[in-house]
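> I'd like to ask some things about the structure below.
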Amino acid sequence: PGVQGGITGTSGLYVRGGSPDQNLYLLDGVPLYNVDHTLGILSIFTPESVKKVDLYKGSFPARFGGRLSSVIDVRTNDGDMRHYHGSLTVGLLTSRMHFEGPLWKDRTSFIISARRSYADLIIKPFLDEDAKGGYYLYDINAKLNHRLNDRDRLFLSFYKGKDHASYSNTSSYYNDEGETAAKDRQVIAWGSTLGTLRWNHVFGDRLFHNITVSYNRFRFNTKNNSISNNRRFDSRYHSGIEDWGLTSDFDFHPSPSHFIKFGGNYLYHTFRPEIQHTFVHSPDKPEEPDKVYTVAGHEAVRSHEASLYAEDDFRWNNRWKTNIGAHFSLFRVQKHTYASLEPRLSVCFNATRSLTFKTAYTHMTQYVHLLSSSNISLPTDLWVPVTRKIRPMQARQFSIGGYYTGIKGWEFSIEGYY
């Protein structure tokens with residue numbers, strides 16, 4: 001309830017009236033800024049590489065922050081440390097492969113998943129002799145899992161995905177100098193690159209620690225090249241966002257019914273909203289020097305985002321369970337600092353084995369915005385931060401509801417949200 005898929009054929013989520021950019025997508029704990037292929041028709045997540053997905057559309061735990069509507073937490077597979085196995089799937093639009101197994105039995109495992117479309121190969125025989133082009137997409141997921149000893153583990157994960165469309169054409173025309181050849185080529189490409197290194201350390205039976213270093217980049221590029229009458233014109237446009245991150249999480253279990261989690265996170269953002277250059281080169285005309293025109297350009301905007309959190313999840317008895325926490329965040333941009341203290345509270349009551357009631361209050365703050373020109377997911381959408389004049393978005397959510405599972409195979413739920 002409260003989650004809609006938006007326009008048919010797109011993968012953007014609209015949670016309780018929020019826009020798609022108000023959803024926090026996490027891949028192994030790292031925020032993603034683009035989760036679509038083919039203008040939103042396909043998702044970047046391949047089933048074989050995913051271990052689990054958690055959706056939070058209310059009563060957000062204190063460890064999450066930065067968005068208003070929902071959290072989609074995606075965790076990738078760690079790999080099999082004892083046996084090799086894989087799969088190959090051939091589809092009408094894309095094909096994918098998956099393989100995993102031990103590099104060092106019971107010590108080191110690996111997993112790799114890849115997917116590619118082949119529309120560019122199919123349409124190639126149907127293009128004119130003077131024309132070339134096509135469209136393709138690909139995803140690559142890879143992960144290494146190494147057990148140093150009984151208390152320490154290292155996880156190294158990598159993701160890269162891309163959409164690429166291109167078209168080139170060769171033609172000729174006549175002028176005062178006779179027949180002249182002209183070549184034109186257009187390229188549009190966008191995609192994400194993500195890498196994480198996580199160290200898991202066990203202090204004892206009750207205390208665990210995870211520290212993660214991450215890099216994440218989303219970039220959109222267009223290129224237009226034209227060669228005519230011994231003159232070359234190049235036009236390039238690009239936008240994107242780049243993050244370096246450091247996360248530290250502690251898990252403390254005083255008892256089987258008591259769970260405490262606390263830690264912090266730091267992100268160094270580099271926003272490049274849009275930059276466009278045009279280059280003119282005339283090799284046969286020395287009297288006309290090369291020229292570079294900046295049609296539109298913005299300097300990179302750099303910002304710092306830091307947060308601290310603590311949450312206490314406690315089951316009082318077989319009927320009552322509470323989750324109490326707080327999330328404190330800072331965002332510094334253009335020599336201006338925003339701060340936000342976000343309390344979190346949820347209470348769950350099991351009236352019977354099949355009937356449960358739940359209420360929650362959440363305060364969330366969002367420091368980045370997506371400038372979109374349409375209702376569908378387009379790579380031309382621009383991620384921009386808050387500024388000295390544009391304040392962060394905030395949301396305060398209160399929800400109450402319940403669900404009933406007394407009939408085998410059926411679940412009934414009702415909830416209210418403000």
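Please note that chains go A, B, ... in the order of the structure tokens, that every chain numbers its residues from 1, and that ligands are numbered from 1 in the order shown.
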Give me the range 117-179 of chain A side of the contact with range 186-195 of chain A, cut-off 12 Å, one line per residue showing its nearest atom pair and distance in Å at one decimal, counting only C-alpha atoms, sorted by chain and residue number, as JSON lines.

{"residue": "A:Ala131", "atom": "CA", "partner": "A:Gln186", "partner_atom": "CA", "distance": 11.6}
{"residue": "A:Lys132", "atom": "CA", "partner": "A:Gln186", "partner_atom": "CA", "distance": 10.4}
{"residue": "A:Gly133", "atom": "CA", "partner": "A:Gln186", "partner_atom": "CA", "distance": 9.0}
{"residue": "A:Gly134", "atom": "CA", "partner": "A:Val187", "partner_atom": "CA", "distance": 9.8}
{"residue": "A:Tyr135", "atom": "CA", "partner": "A:Ile188", "partner_atom": "CA", "distance": 9.5}
{"residue": "A:Tyr136", "atom": "CA", "partner": "A:Ala189", "partner_atom": "CA", "distance": 9.8}
{"residue": "A:Leu137", "atom": "CA", "partner": "A:Gly191", "partner_atom": "CA", "distance": 9.2}
{"residue": "A:Tyr138", "atom": "CA", "partner": "A:Gly191", "partner_atom": "CA", "distance": 9.4}
{"residue": "A:Asp139", "atom": "CA", "partner": "A:Gly191", "partner_atom": "CA", "distance": 9.4}
{"residue": "A:Ile140", "atom": "CA", "partner": "A:Thr193", "partner_atom": "CA", "distance": 9.7}
{"residue": "A:Asn141", "atom": "CA", "partner": "A:Leu194", "partner_atom": "CA", "distance": 9.6}
{"residue": "A:Ala142", "atom": "CA", "partner": "A:Gly195", "partner_atom": "CA", "distance": 9.6}
{"residue": "A:Lys143", "atom": "CA", "partner": "A:Gly195", "partner_atom": "CA", "distance": 9.7}
{"residue": "A:Leu144", "atom": "CA", "partner": "A:Gly195", "partner_atom": "CA", "distance": 11.6}
{"residue": "A:Phe155", "atom": "CA", "partner": "A:Gly195", "partner_atom": "CA", "distance": 10.6}
{"residue": "A:Leu156", "atom": "CA", "partner": "A:Gly195", "partner_atom": "CA", "distance": 7.6}
{"residue": "A:Ser157", "atom": "CA", "partner": "A:Gly195", "partner_atom": "CA", "distance": 5.8}
{"residue": "A:Phe158", "atom": "CA", "partner": "A:Gly195", "partner_atom": "CA", "distance": 4.5}
{"residue": "A:Tyr159", "atom": "CA", "partner": "A:Leu194", "partner_atom": "CA", "distance": 5.1}
{"residue": "A:Lys160", "atom": "CA", "partner": "A:Thr193", "partner_atom": "CA", "distance": 4.5}
{"residue": "A:Gly161", "atom": "CA", "partner": "A:Gly191", "partner_atom": "CA", "distance": 5.3}
{"residue": "A:Lys162", "atom": "CA", "partner": "A:Gly191", "partner_atom": "CA", "distance": 4.1}
{"residue": "A:Asp163", "atom": "CA", "partner": "A:Trp190", "partner_atom": "CA", "distance": 5.4}
{"residue": "A:His164", "atom": "CA", "partner": "A:Ala189", "partner_atom": "CA", "distance": 4.4}
{"residue": "A:Ala165", "atom": "CA", "partner": "A:Ile188", "partner_atom": "CA", "distance": 5.3}
{"residue": "A:Ser166", "atom": "CA", "partner": "A:Val187", "partner_atom": "CA", "distance": 4.3}
{"residue": "A:Tyr167", "atom": "CA", "partner": "A:Gln186", "partner_atom": "CA", "distance": 5.4}
{"residue": "A:Ser168", "atom": "CA", "partner": "A:Gln186", "partner_atom": "CA", "distance": 6.3}
{"residue": "A:Asn169", "atom": "CA", "partner": "A:Gln186", "partner_atom": "CA", "distance": 9.2}
> May I have the residues from that selection written out with N, CA and C atoms, as a PDB file, in the first residue's frame?

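And here's out.pdb as it stands now:
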ATOM      1  N   ALA A 131      25.628   4.407 -43.447  1.00  0.00           N
ATOM      2  CA  ALA A 131      25.151   4.700 -42.089  1.00  0.00           C
ATOM      3  C   ALA A 131      25.591   3.595 -41.135  1.00  0.00           C
ATOM      4  N   LYS A 132      25.936   3.991 -39.933  1.00  0.00           N
ATOM      5  CA  LYS A 132      26.284   3.074 -38.861  1.00  0.00           C
ATOM      6  C   LYS A 132      25.675   3.587 -37.568  1.00  0.00           C
ATOM      7  N   GLY A 133      25.412   2.659 -36.662  1.00  0.00           N
ATOM      8  CA  GLY A 133      24.871   3.087 -35.380  1.00  0.00           C
ATOM      9  C   GLY A 133      24.106   1.985 -34.691  1.00  0.00           C
ATOM     10  N   GLY A 134      23.477   2.352 -33.588  1.00  0.00           N
ATOM     11  CA  GLY A 134      22.703   1.386 -32.824  1.00  0.00           C
ATOM     12  C   GLY A 134      22.628   1.786 -31.366  1.00  0.00           C
ATOM     13  N   TYR A 135      22.037   0.907 -30.594  1.00  0.00           N
ATOM     14  CA  TYR A 135      21.876   1.134 -29.156  1.00  0.00           C
ATOM     15  C   TYR A 135      22.164  -0.164 -28.416  1.00  0.00           C
ATOM     16  N   TYR A 136      22.874  -0.049 -27.294  1.00  0.00           N
ATOM     17  CA  TYR A 136      23.108  -1.210 -26.450  1.00  0.00           C
ATOM     18  C   TYR A 136      23.222  -0.754 -25.005  1.00  0.00           C
ATOM     19  N   LEU A 137      23.050  -1.702 -24.105  1.00  0.00           N
ATOM     20  CA  LEU A 137      23.235  -1.484 -22.677  1.00  0.00           C
ATOM     21  C   LEU A 137      23.974  -2.677 -22.103  1.00  0.00           C
ATOM     22  N   TYR A 138      24.629  -2.446 -20.984  1.00  0.00           N
ATOM     23  CA  TYR A 138      25.281  -3.555 -20.296  1.00  0.00           C
ATOM     24  C   TYR A 138      25.370  -3.267 -18.810  1.00  0.00           C
ATOM     25  N   ASP A 139      25.484  -4.344 -18.021  1.00  0.00           N
ATOM     26  CA  ASP A 139      25.710  -4.289 -16.578  1.00  0.00           C
ATOM     27  C   ASP A 139      26.768  -5.315 -16.221  1.00  0.00           C
ATOM     28  N   ILE A 140      27.651  -4.949 -15.313  1.00  0.00           N
ATOM     29  CA  ILE A 140      28.656  -5.878 -14.790  1.00  0.00           C
ATOM     30  C   ILE A 140      28.658  -5.759 -13.269  1.00  0.00           C
ATOM     31  N   ASN A 141      28.434  -6.861 -12.586  1.00  0.00           N
ATOM     32  CA  ASN A 141      28.526  -6.936 -11.124  1.00  0.00           C
ATOM     33  C   ASN A 141      29.607  -7.948 -10.757  1.00  0.00           C
ATOM     34  N   ALA A 142      30.501  -7.575  -9.861  1.00  0.00           N
ATOM     35  CA  ALA A 142      31.552  -8.486  -9.414  1.00  0.00           C
ATOM     36  C   ALA A 142      31.790  -8.267  -7.922  1.00  0.00           C
ATOM     37  N   LYS A 143      32.146  -9.346  -7.235  1.00  0.00           N
ATOM     38  CA  LYS A 143      32.369  -9.242  -5.796  1.00  0.00           C
ATOM     39  C   LYS A 143      33.348 -10.318  -5.340  1.00  0.00           C
ATOM     40  N   LEU A 144      34.246  -9.923  -4.432  1.00  0.00           N
ATOM     41  CA  LEU A 144      35.173 -10.834  -3.779  1.00  0.00           C
ATOM     42  C   LEU A 144      34.880 -10.836  -2.287  1.00  0.00           C
ATOM     43  N   PHE A 155      35.260  -7.500   1.981  1.00  0.00           N
ATOM     44  CA  PHE A 155      34.363  -7.588   0.845  1.00  0.00           C
ATOM     45  C   PHE A 155      34.747  -6.488  -0.146  1.00  0.00           C
ATOM     46  N   LEU A 156      35.019  -6.873  -1.378  1.00  0.00           N
ATOM     47  CA  LEU A 156      35.327  -5.927  -2.440  1.00  0.00           C
ATOM     48  C   LEU A 156      34.294  -6.114  -3.545  1.00  0.00           C
ATOM     49  N   SER A 157      33.512  -5.086  -3.816  1.00  0.00           N
ATOM     50  CA  SER A 157      32.444  -5.197  -4.816  1.00  0.00           C
ATOM     51  C   SER A 157      32.582  -4.096  -5.850  1.00  0.00           C
ATOM     52  N   PHE A 158      32.080  -4.392  -7.052  1.00  0.00           N
ATOM     53  CA  PHE A 158      32.202  -3.471  -8.185  1.00  0.00           C
ATOM     54  C   PHE A 158      30.948  -3.574  -9.041  1.00  0.00           C
ATOM     55  N   TYR A 159      30.490  -2.420  -9.504  1.00  0.00           N
ATOM     56  CA  TYR A 159      29.379  -2.378 -10.463  1.00  0.00           C
ATOM     57  C   TYR A 159      29.681  -1.333 -11.532  1.00  0.00           C
ATOM     58  N   LYS A 160      29.365  -1.677 -12.768  1.00  0.00           N
ATOM     59  CA  LYS A 160      29.438  -0.714 -13.868  1.00  0.00           C
ATOM     60  C   LYS A 160      28.303  -1.005 -14.841  1.00  0.00           C
ATOM     61  N   GLY A 161      27.558   0.029 -15.192  1.00  0.00           N
ATOM     62  CA  GLY A 161      26.473  -0.103 -16.150  1.00  0.00           C
ATOM     63  C   GLY A 161      26.453   1.078 -17.087  1.00  0.00           C
ATOM     64  N   LYS A 162      25.984   0.847 -18.312  1.00  0.00           N
ATOM     65  CA  LYS A 162      26.024   1.905 -19.307  1.00  0.00           C
ATOM     66  C   LYS A 162      24.940   1.715 -20.354  1.00  0.00           C
ATOM     67  N   ASP A 163      24.389   2.820 -20.829  1.00  0.00           N
ATOM     68  CA  ASP A 163      23.549   2.870 -22.027  1.00  0.00           C
ATOM     69  C   ASP A 163      24.308   3.664 -23.075  1.00  0.00           C
ATOM     70  N   HIS A 164      24.312   3.168 -24.308  1.00  0.00           N
ATOM     71  CA  HIS A 164      25.093   3.812 -25.370  1.00  0.00           C
ATOM     72  C   HIS A 164      24.289   3.781 -26.670  1.00  0.00           C
ATOM     73  N   ALA A 165      24.049   4.955 -27.235  1.00  0.00           N
ATOM     74  CA  ALA A 165      23.358   5.079 -28.519  1.00  0.00           C
ATOM     75  C   ALA A 165      24.207   5.946 -29.433  1.00  0.00           C
ATOM     76  N   SER A 166      24.346   5.521 -30.682  1.00  0.00           N
ATOM     77  CA  SER A 166      25.182   6.268 -31.621  1.00  0.00           C
ATOM     78  C   SER A 166      24.611   6.159 -33.029  1.00  0.00           C
ATOM     79  N   TYR A 167      24.981   7.139 -33.862  1.00  0.00           N
ATOM     80  CA  TYR A 167      24.589   7.126 -35.271  1.00  0.00           C
ATOM     81  C   TYR A 167      25.610   7.944 -36.052  1.00  0.00           C
ATOM     82  N   SER A 168      26.077   7.394 -37.150  1.00  0.00           N
ATOM     83  CA  SER A 168      27.011   8.107 -38.024  1.00  0.00           C
ATOM     84  C   SER A 168      26.575   7.936 -39.470  1.00  0.00           C
ATOM     85  N   ASN A 169      26.851   8.948 -40.269  1.00  0.00           N
ATOM     86  CA  ASN A 169      26.410   8.947 -41.659  1.00  0.00           C
ATOM     87  C   ASN A 169      27.443   9.660 -42.513  1.00  0.00           C
TER      88      ASN A 169
END
> Within 10 Å of Trp244 in chain A, counting only C-alpha atoms, which residues show up once you throw out same-chain ones fewer than 3 positions away? Write them as JSON, numbers by chain, please.
{"A": [30, 195, 213, 214, 215, 216, 217, 266, 267, 268, 269, 270, 304]}
> Excluding same-chain residues fewer than 5 positions from Lys335 in chain A, what lies within 12 Å of it counting only C-alpha atoms, as number ranges by chain?
A: 301-304, 386-388
> Do you have the CA of Thr222 in chain A-CA of Ile41 in chain A distance handy?
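CA of Ile41 in chain A lies at a distance of 20.8 Å from CA of Thr222 in chain A.
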> List every residue of range 89-286 of chain A that DSSP, applied to the backbone of this structure, assigns to strand (DSSP E), and report them as a ChimeraX atom specification.
/A:89-90,94-104,108-117,131-147,152-175,178-202,207-228,231-255,258-281
> Using only C-alpha atoms, find the one residue out of A:Ser239, A:Ser399, A:Gln394, A:Ser340 that sits nearest to Pro273 in chain A.
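Nearest candidate to Pro273 in chain A out of A:Ser239, A:Ser399, A:Gln394, A:Ser340: A:Ser239.
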> When distances are computed from only C-alpha atoms, which of A:Thr337, A:Leu382, A:Ser109, A:Ser354 shows the smallest separation from Ser413 in chain A?
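Closest residue, counting only C-alpha atoms: A:Ser354.
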> Skipping near chain neighbours, those fewer than 6 positions away, what residues fall within 8 Å of Pro102 in chain A using only C-alpha atoms, listed as a list of chain:residue names?
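With the cut-off at 8 Å, the set is A:Gly79, A:Asp80, A:Met81, A:Arg82, A:His83, A:Tyr84, A:Thr108, A:Ser109, A:Phe110.
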> Those same residues, written as a tab-separated table (two decimals), in the first residue's frame with C-alpha atoms?

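Contents of out27.tsv, freshly written:
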chain	number	residue	atom	x	y	z
A	79	GLY	CA	29.52	-15.89	-3.52
A	80	ASP	CA	29.71	-19.61	-2.76
A	81	MET	CA	32.86	-20.63	-0.87
A	82	ARG	CA	32.52	-24.38	-1.52
A	83	HIS	CA	31.02	-25.05	-4.97
A	84	TYR	CA	31.15	-23.63	-8.49
A	108	THR	CA	37.79	-16.68	-0.60
A	109	SER	CA	34.84	-16.63	-2.97
A	110	PHE	CA	33.92	-14.64	-6.06
> Could you list, as a list in words, every residue within 8 Å of Phe250 in chain A, counting only C-alpha atoms and ignoring same-chain residues fewer than 4 positions away?
Leu207, Phe208, His209, Asn210, Lys261, Phe262 and Gly263 of chain A
> Produce a file of the selected residues containing all heavy atoms, as a CSV table (one decimal), in the first residue's frame.

chain,number,residue,atom,x,y,z
A,207,LEU,N,29.3,-7.7,19.8
A,207,LEU,CA,29.6,-6.4,19.2
A,207,LEU,C,30.3,-6.7,17.8
A,207,LEU,O,31.2,-7.5,17.7
A,207,LEU,CB,30.6,-5.6,20.0
A,207,LEU,CG,31.0,-4.2,19.5
A,207,LEU,CD1,29.7,-3.3,19.3
A,207,LEU,CD2,32.0,-3.6,20.4
A,208,PHE,N,29.7,-6.1,16.8
A,208,PHE,CA,30.3,-6.2,15.4
A,208,PHE,C,30.5,-4.8,14.8
A,208,PHE,O,29.9,-3.9,15.2
A,208,PHE,CB,29.3,-7.0,14.5
A,208,PHE,CG,28.7,-8.2,15.1
A,208,PHE,CD1,27.6,-8.2,15.9
A,208,PHE,CD2,29.4,-9.4,14.8
A,208,PHE,CE1,27.1,-9.4,16.4
A,208,PHE,CE2,28.9,-10.6,15.3
A,208,PHE,CZ,27.7,-10.6,16.1
A,209,HIS,N,31.5,-4.8,13.9
A,209,HIS,CA,31.8,-3.5,13.3
A,209,HIS,C,32.0,-3.6,11.8
A,209,HIS,O,32.6,-4.6,11.3
A,209,HIS,CB,33.1,-2.9,13.9
A,209,HIS,CG,33.5,-1.6,13.4
A,209,HIS,ND1,34.8,-1.3,13.1
A,209,HIS,CD2,32.8,-0.5,13.0
A,209,HIS,CE1,34.9,-0.1,12.6
A,209,HIS,NE2,33.6,0.4,12.5
A,210,ASN,N,31.4,-2.7,11.0
A,210,ASN,CA,31.6,-2.7,9.6
A,210,ASN,C,32.1,-1.3,9.2
A,210,ASN,O,31.5,-0.3,9.6
A,210,ASN,CB,30.3,-2.9,8.8
A,210,ASN,CG,30.0,-4.4,8.7
A,210,ASN,OD1,30.6,-5.2,8.0
A,210,ASN,ND2,29.0,-4.8,9.5
A,261,LYS,N,22.2,-0.3,17.3
A,261,LYS,CA,23.0,0.0,16.1
A,261,LYS,C,23.4,1.5,16.1
A,261,LYS,O,22.5,2.4,16.3
A,261,LYS,CB,22.3,-0.3,14.8
A,261,LYS,CG,23.2,-0.3,13.6
A,261,LYS,CD,22.4,-0.8,12.3
A,261,LYS,CE,23.2,-0.8,11.1
A,261,LYS,NZ,24.2,-1.9,11.2
A,262,PHE,N,24.6,1.8,15.9
A,262,PHE,CA,25.1,3.2,15.9
A,262,PHE,C,26.3,3.4,14.9
A,262,PHE,O,27.0,2.4,14.6
A,262,PHE,CB,25.4,3.7,17.3
A,262,PHE,CG,26.5,3.0,18.0
A,262,PHE,CD1,27.8,3.4,17.9
A,262,PHE,CD2,26.2,1.8,18.7
A,262,PHE,CE1,28.8,2.6,18.6
A,262,PHE,CE2,27.2,1.1,19.3
A,262,PHE,CZ,28.5,1.5,19.3
A,263,GLY,N,26.5,4.6,14.5
A,263,GLY,CA,27.6,4.8,13.6
A,263,GLY,C,27.5,6.2,12.9
A,263,GLY,O,26.8,7.1,13.3
> May I ask for the distance between CA of Arg185 in chain A and CA of Arg96 in chain A, given in Å to one decimal place?
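Atom-to-atom, CA of Arg185 in chain A to CA of Arg96 in chain A, that is 29.6 Å.
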> For Pro61 in chain A, which residue out of A:Arg315, A:Lys183, A:His327, A:Arg198 is the nearest one, using only C-alpha atoms?
A:His327
> Would you mind reading off the distance between CA of Arg67 in chain A and CA of Leu345 in chain A, one decimal, in Å?
17.1 Å
> Which residues, written as an mmCIF file with all heavy atoms, in the first residue's frame, have at least one atom at most 6 Å from Phe398 in chain A, with only C-alpha atoms counted and residues fewer than 4 positions away on the same chain left out?

data_model
loop_
_atom_site.group_PDB
_atom_site.id
_atom_site.type_symbol
_atom_site.label_atom_id
_atom_site.label_comp_id
_atom_site.auth_asym_id
_atom_site.auth_seq_id
_atom_site.Cartn_x
_atom_site.Cartn_y
_atom_site.Cartn_z
ATOM 1 N N ALA A 360 4.094 4.718 13.719
ATOM 2 C CA ALA A 360 5.459 5.219 13.586
ATOM 3 C C ALA A 360 5.444 6.711 13.294
ATOM 4 O O ALA A 360 4.496 7.246 12.704
ATOM 5 C CB ALA A 360 6.194 4.476 12.471
ATOM 6 N N TYR A 361 6.546 7.372 13.701
ATOM 7 C CA TYR A 361 6.776 8.777 13.370
ATOM 8 C C TYR A 361 8.212 8.901 12.855
ATOM 9 O O TYR A 361 9.150 8.349 13.437
ATOM 10 C CB TYR A 361 6.588 9.681 14.597
ATOM 11 C CG TYR A 361 7.018 11.107 14.341
ATOM 12 C CD1 TYR A 361 6.189 11.996 13.672
ATOM 13 C CD2 TYR A 361 8.274 11.553 14.763
ATOM 14 C CE1 TYR A 361 6.597 13.300 13.433
ATOM 15 C CE2 TYR A 361 8.684 12.855 14.523
ATOM 16 C CZ TYR A 361 7.833 13.728 13.855
ATOM 17 O OH TYR A 361 8.234 15.016 13.610
ATOM 18 N N TYR A 417 -1.736 7.309 6.718
ATOM 19 C CA TYR A 417 -0.457 8.011 6.605
ATOM 20 C C TYR A 417 -0.726 9.504 6.526
ATOM 21 O O TYR A 417 -1.673 9.955 5.873
ATOM 22 C CB TYR A 417 0.281 7.524 5.365
ATOM 23 C CG TYR A 417 1.369 8.442 4.906
ATOM 24 C CD1 TYR A 417 2.606 8.460 5.526
ATOM 25 C CD2 TYR A 417 1.163 9.306 3.828
ATOM 26 C CE1 TYR A 417 3.611 9.291 5.107
ATOM 27 C CE2 TYR A 417 2.166 10.153 3.400
ATOM 28 C CZ TYR A 417 3.383 10.143 4.042
ATOM 29 O OH TYR A 417 4.367 10.985 3.619
ATOM 30 N N TYR A 418 0.093 10.276 7.219
ATOM 31 C CA TYR A 418 -0.022 11.729 7.145
ATOM 32 C C TYR A 418 1.365 12.328 7.005
ATOM 33 O O TYR A 418 2.273 11.950 7.759
ATOM 34 C CB TYR A 418 -0.668 12.281 8.422
ATOM 35 C CG TYR A 418 -0.719 13.790 8.465
ATOM 36 C CD1 TYR A 418 -1.628 14.495 7.674
ATOM 37 C CD2 TYR A 418 0.162 14.492 9.276
ATOM 38 C CE1 TYR A 418 -1.664 15.885 7.705
ATOM 39 C CE2 TYR A 418 0.137 15.874 9.310
ATOM 40 C CZ TYR A 418 -0.784 16.557 8.519
ATOM 41 O OH TYR A 418 -0.811 17.933 8.544
#
> Which polymer residues have any atom within 10 Å of an atom of Leu68 in chain A, counting only C-alpha atoms, with same-chain residues fewer than 6 positions away left out, as a PyMOL selection string?
chain A and resi 15+18-19+21-24+57-58+60+362-366+393-397
> Measuring atom to atom with only C-alpha atoms, identify which of A:His369, A:Lys389, A:His238, A:Arg206 is nearest to Tyr33 in chain A.
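Checking each candidate against Tyr33 in chain A, we get A:His369 as the closest.
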